[in-house]
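Asks: Dropping a structure here in structure tokens format, bear with me for questions.
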Amino acid sequence: MFVSGLPFLVTLSRRIRYVTVQFVPKRTAGELANALKLVVGLYRRAGFICQTALMDGEFEKVKKKLINIIEVNITSKNEHVPEIERKIRHIKERARSIKAELPFSMMPGQLIKRMVLHAVLFMNAYTDKQGISDEYSPREIILRWQLDWSKHCKYQFGAYGQAYDEPDTSVTNTQQPRSRNVICAGPTGNFQGSYFFLDLDTKALIKRRRFVELPMPDSVVKKVEAWGKRDKQNGLLSFCNRNNEPFDWSDEQDALIEDNAVDPEPATYPDVPAEIPGVTLEAHVPAVATPPPPSEEERMAAALENAGIAGDFEEFQYRGQRRGNEQHHGRDVHVTHNHFNLIPAEAGEIDPPDDEDEDSLPPLAEEDESSEDETYVDEELEDVELVYDDSEEEQDDEHSQGDRVQETRSGRQVRPPARYRNTTHISVGGLHFNVSQMHFSVAATDLTTPIPVLRDELKVLGVIMTQLSLKEGLKRFGTRGKQGALKEMQQLHDMKTFFPRDPKTLTRDERRKALSSLIFLKEKDTGEVKGRTCINGAPQREYIRKEDATSPTVATDSVFLTGAVDAYQGRDVAFIDLPGAFLHTITDEKIIMILRGELCELMCMIDPKLYRKYVCKDKRGNPVLYVELYKSLYGLMRSALLFYKKLKKELEEYGMVMNPYDMCVANKETQTGHQLTVLWHVDDLKISCKDKFKVTKLICYLRKIYGEKMSVHRGGKGKYLGMHLDFTEPGVFQVDMSNYIKGILEEFPEELTRKSPSPHTDNLFTVKDKEETKELDEDKAMQFHRTTAQLLFLATRARKDIQTAVSFLTTRVKSPDNNDWDKLKRVLQYLQTTQTLKLRIQVDDLRIMRWFVDAAHMVHWDCKGQTGATMTMGKGAILSYSWKQKLNTKSSTETELVGVDDAISNILWSLYFLQEQGCGTTHAIIYQDNKSAILLESNGKMSSGKRTKHIKAKYFFVADKVADGDLEIKYVPTEKMWADMNTKPKQGLPFRIDRSQMMNCDVDLDVKHDNRDMQAEPPCPTGEQNPKVMGLTSRGSAQECVGITRQLGSGSGWSRVTSSLRNASKRLLV
């Protein structure tokens, strides 16, 4: 990167997140290579072996100079490394923050260089969310010591004062000054706490420890600015790439960036517009915070219990390695897992080991050495030996996994902390170091690399909770389990998924990289036991990037938009499930798979002549079969992507055209003038067309490709992506998830005895202090997280009436307390009360979209607002959202502006999507209840001033879209604002009125369903009229959010206003 014309080399380690910055005045190949060698040496000294460096095209010239040090991977033209660009953006923000506090309008190059290094120094001093540890900073992991606040944070960067020279005891009568006028340039980072200073007399950088800060005179400011002008600085802190082009970041994005925030990943394929405004991504939905992942011991324990594998897998050793005093030729190598030990300073450097060459591999048995009757024993498998040491188990009893005492070379004992997980501790001779999910190799003459089994398989087994392994499944289901497994393996055989390979013809590397095959059994609702074969594709992560294996899937919003169109046009709808979808996809890479034990025997039972002769045995006598995949299998990283490309090509050959705003939606104009639409999510398809024959014709086309076993459901009803979709009522699109709600309620560990008329109480957004409540224990917190995730899935689909409560609960999953648990139970009690409630959508006119956008000001504990947005084209909410705003605002008008900005991407995407669908939608109308916000959004600069300058980008963008004719903004009274219930925890009658609009149901739904069971709310006093009902004022001011009192529920006064409420709910449509 170039900072104000000064070149810097920036590096970042992917997992450790340690950043290095070096000033490279000469960008020659030798200079860059030397700089990279210093970086590699830094990691080597910390015990990490750098294997691969991802670089852009400028480093092509240094590739040859680093060929023996590190593998250099060069990106193609116009391609970037997103992680390093993101980190450069962080450096820019830190440097800008420092510069904003300085009084200089421009600075010399020396000060700019030190400012960048100063920013990186403290970036490494804090833990990174994406790093391997929440406790230790990247600097502490690499350099093994942390900065001292009392030493390294004493003086501020840019402070003026006098730096004192260290006294020379040998000279006492000198007349030389002992202090200098300097500008502080940040700490050096050494143990003593020295600082860099810019000498104002010589313009040289000096190091001193003693400094006295003084007020900065104007003469010093002018002098520094003169130096900056002499260095041809213009006062702007610009960040550019190697072509002297500014990085493509907008000022608005720069202003809102947070440290360690994660940008959405770049689009996987340029022709797949996954980031066109409004595409539903994870970032557009209130996300459930991810809890800390379970430790490897927990995963393995769950896997052992699930898979029925006996033995202790806490430690393993390779053949030729013993826990006694045996020594290898060269070094004594010991590998254990889940230990993390800070490297002692006296450990010294660890040179990267040489890779094993092919000559050191154990040769396979010659063919003529064994008769045809003998069973071939795979030498590669024989090299694997699991050693269970009783002494180690005794040590575990004495010390826990995280408390084992280890001794350094100097004799000092270190007790490694247990907080580090997923790490590997390696002992070489007397040296100890750790590697966390990085590739490493150890040079040892007699050490042979085993086939990659056990750990990755156990991780896969531990994740799959609802399915049983083959061994456990056969125990539980008996004959039914065996029939299910045979049926699954027979399908693989019939589909010619793979063909057997002679292990003698495979190279050692092919056998080492062979992926393990797994089969799981699950009992379906019908009582049938179904087998599912998958492959452990985890090792593929070493050479396949995530962005190269991501497959598009249909957006949930696309399902609702097309469903509303289907109901409005009276289309015939069919739901299709393609059987064995991946088995119809030919793989484009060579993949060797290994089948072990009972899985191998099952294949031999299906076709003994084909498979039996290729069976070999491992050391324990277990049968092993190597096969080469011809088709894709579930578990391979690229299987879903390969199937997507295959199905997309087949639909395009049929004449379908992809919607550019959702590449899993395809359309075709038929000869009869009707549109044929297909949506697909992997192997689940939804087909609709007004002409039933066209639907049947496409089904026949797909059946020729995927066989007669293709599942087809017609008649206007079907299950799609966890939702029961119903088109049987003319003009109505119904979404039902009552069975899903039933499963949530049955799974919840506590009995729900009460029923609630609303999903939240008035104090929904209230967060109590830690002294007033108690945090949930680990088990209860995990259940809170799981249930909240289930409710989030439900709220974004069929039950939009719980979005406000769920939106708040998603912000509490990191540290939930008893108060949050009660709020979760309140939502479940409400769902239990209204379990059969369905979402009903009706469209009156496809030409105009009506969006209701509202926001509540300062309702959360951190004074942030809540945004609500709802889209309709008649009755019922087609799309609906509820978000916590991501920045603080100073007024309700600003909150409304931020709310529109939060929803604008969804508004524009839905508009453009329907236009591409050929629905004739001309524009979208945004209804708001804040006139000041409407003026800013409509007039832009004409209505802006000093008080709104800091958020001008938000309303200027809306103003541009209004000028283009895509949007129209209108005022609507608060009592007619649909999205009001998505911003406030409303109760009683106001909540029922809003719910009747959003869900398109009766206002008195609760009374009809649960009149006898629910606790009655106080009726309206005799002779009085409820002002909320008569005036239809179901809301307070736009800023009022909490503290709404209950209104009419049931009782004597309710019957007198029921008919008025029905008519009122109809008039609320704008």
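Residues in the structure tokens are named by chain (A, B, ... in the order shown) and by number from 1 within that chain; ligands are numbered from 1 in the order shown.
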Which residues are near region 101-103 of chain A? Cut-off 12 Å, only C-alpha atoms, ignore same chain within fewer than 6 positions. Put them as a ChimeraX atom specification.
Replies: /A:94-95,111-112,115,156-160,183-185,215-225,235
Asks: What would the file look like if the residues just selected were written as a compact mmCIF listing (two decimals), in the first residue's frame with N, CA and C atoms?
Replies:
# COMPACT_ATOMS: atom_id res chain seq x y z
N ARG A 94 -7.28 3.57 11.64
CA ARG A 94 -6.46 3.88 12.81
C ARG A 94 -5.58 5.11 12.54
N ALA A 95 -4.96 5.15 11.38
CA ALA A 95 -4.07 6.28 11.06
C ALA A 95 -4.87 7.58 10.97
N LEU A 111 7.22 11.35 9.94
CA LEU A 111 6.15 11.26 10.92
C LEU A 111 5.00 10.41 10.41
N ILE A 112 4.73 10.48 9.11
CA ILE A 112 3.68 9.63 8.53
C ILE A 112 4.07 8.16 8.63
N MET A 115 3.62 7.03 12.11
CA MET A 115 2.20 6.98 12.47
C MET A 115 1.58 5.66 12.01
N GLN A 156 1.36 10.46 24.27
CA GLN A 156 0.51 10.41 23.09
C GLN A 156 1.32 10.71 21.84
N PHE A 157 0.94 10.05 20.75
CA PHE A 157 1.61 10.29 19.48
C PHE A 157 1.37 11.74 19.07
N GLY A 158 2.44 12.42 18.68
CA GLY A 158 2.35 13.81 18.23
C GLY A 158 2.49 14.84 19.33
N ALA A 159 2.71 14.39 20.57
CA ALA A 159 2.87 15.33 21.67
C ALA A 159 4.22 16.06 21.56
N TYR A 160 4.23 17.31 21.98
CA TYR A 160 5.46 18.11 21.96
C TYR A 160 6.06 18.16 23.37
N ILE A 183 9.07 15.88 18.91
CA ILE A 183 7.67 15.46 18.73
C ILE A 183 7.62 13.96 18.96
N CYS A 184 6.75 13.49 19.83
CA CYS A 184 6.66 12.05 20.13
C CYS A 184 6.14 11.30 18.91
N ALA A 185 6.85 10.23 18.53
CA ALA A 185 6.47 9.42 17.37
C ALA A 185 6.09 8.01 17.75
N PRO A 215 3.21 22.29 26.45
CA PRO A 215 2.25 22.85 25.50
C PRO A 215 2.93 23.15 24.17
N MET A 216 2.23 22.88 23.09
CA MET A 216 2.84 23.03 21.77
C MET A 216 2.67 24.46 21.26
N PRO A 217 3.76 25.17 21.03
CA PRO A 217 3.67 26.54 20.49
C PRO A 217 3.36 26.54 19.00
N ASP A 218 2.89 27.67 18.51
CA ASP A 218 2.55 27.79 17.09
C ASP A 218 3.78 27.64 16.21
N SER A 219 4.94 28.03 16.71
CA SER A 219 6.16 27.93 15.90
C SER A 219 6.49 26.48 15.58
N VAL A 220 6.22 25.56 16.51
CA VAL A 220 6.48 24.15 16.26
C VAL A 220 5.51 23.62 15.20
N VAL A 221 4.24 24.04 15.30
CA VAL A 221 3.25 23.62 14.30
C VAL A 221 3.66 24.08 12.92
N LYS A 222 4.08 25.34 12.80
CA LYS A 222 4.48 25.86 11.50
C LYS A 222 5.72 25.15 10.97
N LYS A 223 6.63 24.80 11.87
CA LYS A 223 7.86 24.13 11.45
C LYS A 223 7.57 22.73 10.90
N VAL A 224 6.72 22.00 11.60
CA VAL A 224 6.37 20.66 11.14
C VAL A 224 5.63 20.73 9.82
N GLU A 225 4.72 21.70 9.69
CA GLU A 225 3.99 21.84 8.43
C GLU A 225 4.91 22.25 7.28
N GLY A 235 -1.36 17.37 2.80
CA GLY A 235 -2.21 17.43 3.98
C GLY A 235 -3.25 16.34 4.05
Asks: Give me every alpha helix (DSSP H) residue in region 504-627 of chain A, going by DSSP on the backbone, as an MDAnalysis selection string.
Replies: chainID A and resid 508:512 556:569 597:606 608:611
Asks: Considering only C-alpha atoms, return as a ChimeraX atom specification whatever protein or nucleic-acid residues lie within 12 Å of Gln832 (chain A), sequence-local ones (same chain, fewer than 6 positions apart) excluded.
Replies: /A:738-746,748,751-759,825-826,1006,1009-1010,1013-1014
Asks: Please measure the separation of CA of Cys153 (chain A) and CA of Leu9 (chain A), giving the value in Å to one decimal.
Replies: 25.7 Å
Asks: For Asn536 (chain A), list every protein, DNA or RNA residue within 7 Å, evaluated using only C-alpha atoms, and leave out those in the same chain fewer than 2 positions away; present the list as a list in words.
Replies: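 Result of the neighbour search: Glu457, Leu515, Ser516, Ser517, Cys534, Ala538 and Gly635 of chain A.
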Asks: Please produce a file of those selected residues containing all heavy atoms, as a compact mmCIF listing (two decimals), in the first residue's frame.
Replies:
# COMPACT_ATOMS: atom_id res chain seq x y z
N GLU A 457 -12.97 -37.36 10.74
CA GLU A 457 -14.19 -38.15 10.74
C GLU A 457 -14.97 -37.94 12.02
O GLU A 457 -16.19 -37.82 12.03
CB GLU A 457 -13.84 -39.63 10.58
CG GLU A 457 -13.30 -39.98 9.20
CD GLU A 457 -13.02 -41.47 9.10
OE1 GLU A 457 -13.64 -42.23 9.86
OE2 GLU A 457 -12.21 -41.85 8.26
N LEU A 515 -10.24 -39.74 0.85
CA LEU A 515 -11.28 -39.24 1.73
C LEU A 515 -12.12 -40.39 2.27
O LEU A 515 -12.41 -41.34 1.54
CB LEU A 515 -12.18 -38.25 0.98
CG LEU A 515 -11.45 -37.04 0.36
CD1 LEU A 515 -12.44 -36.14 -0.38
CD2 LEU A 515 -10.71 -36.25 1.42
N SER A 516 -12.52 -40.30 3.50
CA SER A 516 -13.26 -41.37 4.15
C SER A 516 -14.74 -41.29 3.81
O SER A 516 -15.31 -40.21 3.71
CB SER A 516 -13.08 -41.32 5.67
OG SER A 516 -11.72 -41.42 6.00
N SER A 517 -15.34 -42.44 3.65
CA SER A 517 -16.78 -42.52 3.38
C SER A 517 -17.52 -42.83 4.66
O SER A 517 -17.06 -43.61 5.50
CB SER A 517 -17.07 -43.61 2.34
OG SER A 517 -18.45 -43.76 2.16
N CYS A 534 -22.32 -40.14 2.76
CA CYS A 534 -21.62 -38.88 2.52
C CYS A 534 -20.13 -39.15 2.59
O CYS A 534 -19.69 -40.26 2.91
CB CYS A 534 -22.04 -37.81 3.52
SG CYS A 534 -21.59 -38.19 5.23
N ALA A 538 -13.69 -32.59 4.59
CA ALA A 538 -12.95 -31.59 5.37
C ALA A 538 -11.51 -31.40 4.89
O ALA A 538 -11.03 -30.26 4.84
CB ALA A 538 -12.97 -31.96 6.85
N GLY A 635 -21.04 -34.00 0.85
CA GLY A 635 -19.88 -33.84 1.72
C GLY A 635 -18.68 -33.25 0.98
O GLY A 635 -17.83 -32.62 1.60
Asks: Neighbouring residues of region 228-234 of chain A were defined as those with any atom within 12 Å, considering only C-alpha atoms; residues of the same chain fewer than 5 positions away were excluded. Please report them as a list in words.
Replies: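 Residues meeting the cut-off are Val3, Ser4, Gly5, Leu6, Phe104, Ser105, Met106, Met107, Pro108, Gly109, Gln110, Leu111, Ile112, Lys203, Val221, Lys222 and Lys223 of chain A.
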Asks: Put those residues in a file: all heavy atoms, as a short mmCIF file (atom, residue, chain, number, x, y, z; two decimals), in the first residue's frame.
Replies:
data_model
loop_
_atom_site.label_atom_id
_atom_site.label_comp_id
_atom_site.auth_asym_id
_atom_site.auth_seq_id
_atom_site.Cartn_x
_atom_site.Cartn_y
_atom_site.Cartn_z
N VAL A 3 0.91 5.14 1.41
CA VAL A 3 0.30 6.11 2.30
C VAL A 3 0.93 7.46 2.02
O VAL A 3 2.11 7.66 2.31
CB VAL A 3 0.48 5.71 3.78
CG1 VAL A 3 -0.23 6.70 4.68
CG2 VAL A 3 -0.04 4.30 4.02
N SER A 4 0.15 8.33 1.40
CA SER A 4 0.66 9.66 1.02
C SER A 4 1.94 9.53 0.21
O SER A 4 2.90 10.29 0.39
CB SER A 4 0.88 10.53 2.25
OG SER A 4 -0.34 10.74 2.93
N GLY A 5 1.99 8.54 -0.68
CA GLY A 5 3.13 8.33 -1.55
C GLY A 5 4.23 7.47 -0.98
O GLY A 5 5.20 7.16 -1.69
N LEU A 6 4.14 7.06 0.28
CA LEU A 6 5.18 6.24 0.90
C LEU A 6 4.80 4.77 0.78
O LEU A 6 3.71 4.37 1.21
CB LEU A 6 5.34 6.62 2.37
CG LEU A 6 5.68 8.08 2.66
CD1 LEU A 6 5.73 8.34 4.15
CD2 LEU A 6 7.01 8.46 2.02
N PHE A 104 -1.35 19.43 13.18
CA PHE A 104 -0.64 19.73 11.94
C PHE A 104 -1.57 19.51 10.74
O PHE A 104 -2.24 18.48 10.63
CB PHE A 104 0.59 18.83 11.79
CG PHE A 104 1.39 18.69 13.06
CD1 PHE A 104 1.59 17.45 13.65
CD2 PHE A 104 1.95 19.81 13.67
CE1 PHE A 104 2.31 17.31 14.81
CE2 PHE A 104 2.68 19.68 14.83
CZ PHE A 104 2.86 18.43 15.41
N SER A 105 -1.58 20.47 9.83
CA SER A 105 -2.35 20.29 8.60
C SER A 105 -1.63 19.37 7.63
O SER A 105 -2.26 18.72 6.80
CB SER A 105 -2.61 21.64 7.95
OG SER A 105 -1.37 22.28 7.61
N MET A 106 -0.31 19.33 7.71
CA MET A 106 0.47 18.38 6.92
C MET A 106 1.71 17.99 7.72
O MET A 106 2.17 18.75 8.58
CB MET A 106 0.85 18.95 5.56
CG MET A 106 1.67 20.22 5.60
SD MET A 106 2.01 20.87 3.93
CE MET A 106 0.37 21.35 3.43
N MET A 107 2.20 16.78 7.43
CA MET A 107 3.31 16.22 8.21
C MET A 107 4.40 15.73 7.27
O MET A 107 4.12 15.34 6.12
CB MET A 107 2.82 15.06 9.07
CG MET A 107 1.77 15.44 10.10
SD MET A 107 1.34 14.04 11.17
CE MET A 107 0.66 12.90 9.97
N PRO A 108 5.65 15.71 7.76
CA PRO A 108 6.74 15.14 6.94
C PRO A 108 6.60 13.63 6.81
O PRO A 108 5.89 12.98 7.58
CB PRO A 108 8.01 15.54 7.72
CG PRO A 108 7.54 15.68 9.14
CD PRO A 108 6.14 16.22 9.05
N GLY A 109 7.31 13.08 5.85
CA GLY A 109 7.20 11.65 5.59
C GLY A 109 7.63 10.80 6.77
O GLY A 109 7.08 9.71 7.01
N GLN A 110 8.65 11.26 7.53
CA GLN A 110 9.11 10.48 8.68
C GLN A 110 7.99 10.30 9.71
O GLN A 110 7.82 9.22 10.28
CB GLN A 110 10.30 11.19 9.33
CG GLN A 110 11.59 11.10 8.52
CD GLN A 110 12.68 11.95 9.15
OE1 GLN A 110 12.51 13.16 9.30
NE2 GLN A 110 13.79 11.32 9.51
N LEU A 111 7.22 11.35 9.94
CA LEU A 111 6.15 11.26 10.92
C LEU A 111 5.00 10.41 10.41
O LEU A 111 4.36 9.68 11.18
CB LEU A 111 5.66 12.67 11.27
CG LEU A 111 5.11 12.88 12.68
CD1 LEU A 111 6.12 12.45 13.73
CD2 LEU A 111 4.70 14.33 12.90
N ILE A 112 4.73 10.48 9.11
CA ILE A 112 3.68 9.63 8.53
C ILE A 112 4.07 8.16 8.63
O ILE A 112 3.25 7.30 8.97
CB ILE A 112 3.43 10.03 7.07
CG1 ILE A 112 2.84 11.45 7.00
CG2 ILE A 112 2.51 9.03 6.38
CD1 ILE A 112 2.64 11.97 5.59
N LYS A 203 15.71 17.06 12.51
CA LYS A 203 14.72 16.31 11.73
C LYS A 203 15.06 14.82 11.68
O LYS A 203 14.72 14.11 10.75
CB LYS A 203 14.60 16.85 10.31
CG LYS A 203 13.32 16.43 9.58
CD LYS A 203 13.31 16.91 8.14
CE LYS A 203 12.10 16.35 7.40
NZ LYS A 203 12.09 16.73 5.98
N VAL A 221 4.24 24.04 15.30
CA VAL A 221 3.25 23.62 14.30
C VAL A 221 3.66 24.08 12.92
O VAL A 221 3.63 23.32 11.94
CB VAL A 221 1.85 24.14 14.68
CG1 VAL A 221 0.84 23.78 13.59
CG2 VAL A 221 1.41 23.59 16.01
N LYS A 222 4.08 25.34 12.80
CA LYS A 222 4.48 25.86 11.50
C LYS A 222 5.72 25.15 10.97
O LYS A 222 5.85 24.90 9.77
CB LYS A 222 4.73 27.35 11.62
CG LYS A 222 3.48 28.16 11.91
CD LYS A 222 3.80 29.65 12.03
CE LYS A 222 2.55 30.46 12.34
NZ LYS A 222 2.85 31.91 12.49
N LYS A 223 6.63 24.80 11.87
CA LYS A 223 7.86 24.13 11.45
C LYS A 223 7.57 22.73 10.90
O LYS A 223 8.11 22.33 9.87
CB LYS A 223 8.83 24.05 12.63
CG LYS A 223 10.22 23.57 12.26
CD LYS A 223 11.18 23.73 13.43
CE LYS A 223 12.61 23.43 13.01
NZ LYS A 223 13.57 23.64 14.13
#
Asks: Could you give me the residues within region 43-217 of chain A that DSSP places in strand (DSSP E or B), as a PyMOL selection string?
Replies: chain A and resi 52-55+71-74+160-164+179-187+195-199+205-208+210-213
Asks: Counting only C-alpha atoms, figure out which residue out of A:His681, A:Ser938, A:Leu561, A:Glu652 gets nearest to Gln915 (chain A).
Replies: A:Leu561
